[in-house]
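Student: One structure coming up, written as structure tokens, with questions to follow.
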Amino acid sequence: MTLPALFAFLHHVAAFTLVAALAVEFVLIREEITLLAARRLLLADLVYGAAAGSVLAVGLLRVFFFEKGPHYYLHSAPFIAKVSFFALVALLSIYPTVVFASWRPAVKLGQPPRADARKIRRIRSLIHWELAAVVVLIFCAALMARGIGVLV
């Protein structure tokens, strides 16, 4: 197996893990958060963060040391859009992560976190937007992989 293929594999595994963790968060976030749901949300968010960091790190390695090189990618409109949507997803994830982290003390004491319905709806909406942005990101990746939108 060549090194570029290994890094492509790692990039895809990290990306699929990110989407799976985000989907788990979307399913678990409900009007009433039980202790078990809070524990699972904290774990899912930890996995999500690790996967996002891995996607970014492996993606940068692929751009600068493998594949077609930075000149190609930095002149690809779909790549620029893909990175922009990745940044958008990261920004949208800040609020849910901060809220989940604020639940940690209660969860450590074996108590369900206090979360008002408005805050839960906001988190659910943000996660929904993150998932929508990921769909667009995947479309950009497909365009990029086919050489569509290369800026000369």
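Chain labels run A, B, ... following the order of the structure tokens; each chain numbers its residues from 1, and ligands are numbered from 1 in the order shown.
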Please list as a list in words every residue within 12 Å of A:Gly53, counting only C-alpha atoms and excluding residues in the same chain fewer than 3 positions away.
Tutor: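 In the requested form, the answer reads His11, Ala14, Ala15, Thr17, Leu18, Leu46, Val47, Tyr48, Gly49, Ala50, Leu56, Ala57, Val58, Gly59, Leu60, Phe86, Ala87 and Ala90 of chain A.
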Student: Could you pull the residues within 6 Å of stretch 22-37 of chain A, counting only C-alpha atoms, minus those fewer than 3 positions along the same chain, as a list in words?
Tutor: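 After dropping sequence-adjacent residues, the list is Val19, Arg40, Leu41, Pro112 and Ala117 of chain A.
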Student: Can you list, as a tab-separated table (two decimals) with C-alpha atoms, in the first residue's frame, every protein, DNA or RNA residue that comes within 10 Å of A:Ser84 when you count only C-alpha atoms, leaving out same-chain residues fewer than 6 positions away?
Tutor:
chain	number	residue	atom	x	y	z
A	78	PRO	CA	-14.43	23.26	-5.04
A	90	ALA	CA	-16.32	24.00	13.00
A	133	ALA	CA	-23.04	22.00	5.49
A	137	LEU	CA	-18.88	19.80	1.62
Student: Please extract the residues of chain A with a backbone DSSP assignment of alpha helix (DSSP H) and present them as a ChimeraX atom specification.
Tutor: /A:3-28,35-65,70-73,77-108,117-145
Student: What is the distance between atom CA of A:Arg62 and atom CA of A:Leu91, in Å to one decimal?
Tutor: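 It comes out at 22.9 Å.
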Student: Applying 10 Å and only C-alpha atoms, which residues near A:Ser125 remain after dropping the ones on its own chain fewer than 6 positions away? List them as a PyMOL selection string.
Tutor: chain A and resi 26+92+119+131
Student: One decimal, Å: what's the distance from atom CA of A:Glu130 over to atom CA of A:Pro70, could you say?
Tutor: 26.6 Å
Student: Given only C-alpha atoms as the basis, pick out the residue of A:Ala115, A:Val150, A:Ala145, A:Val98 nearest to A:Leu42.
Tutor: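 Of all the options, A:Val98 lies closest to A:Leu42.
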Student: One number please: atom CA of A:Arg121 to atom CA of A:Arg104, in Å, one decimal.
Tutor: 19.7 Å
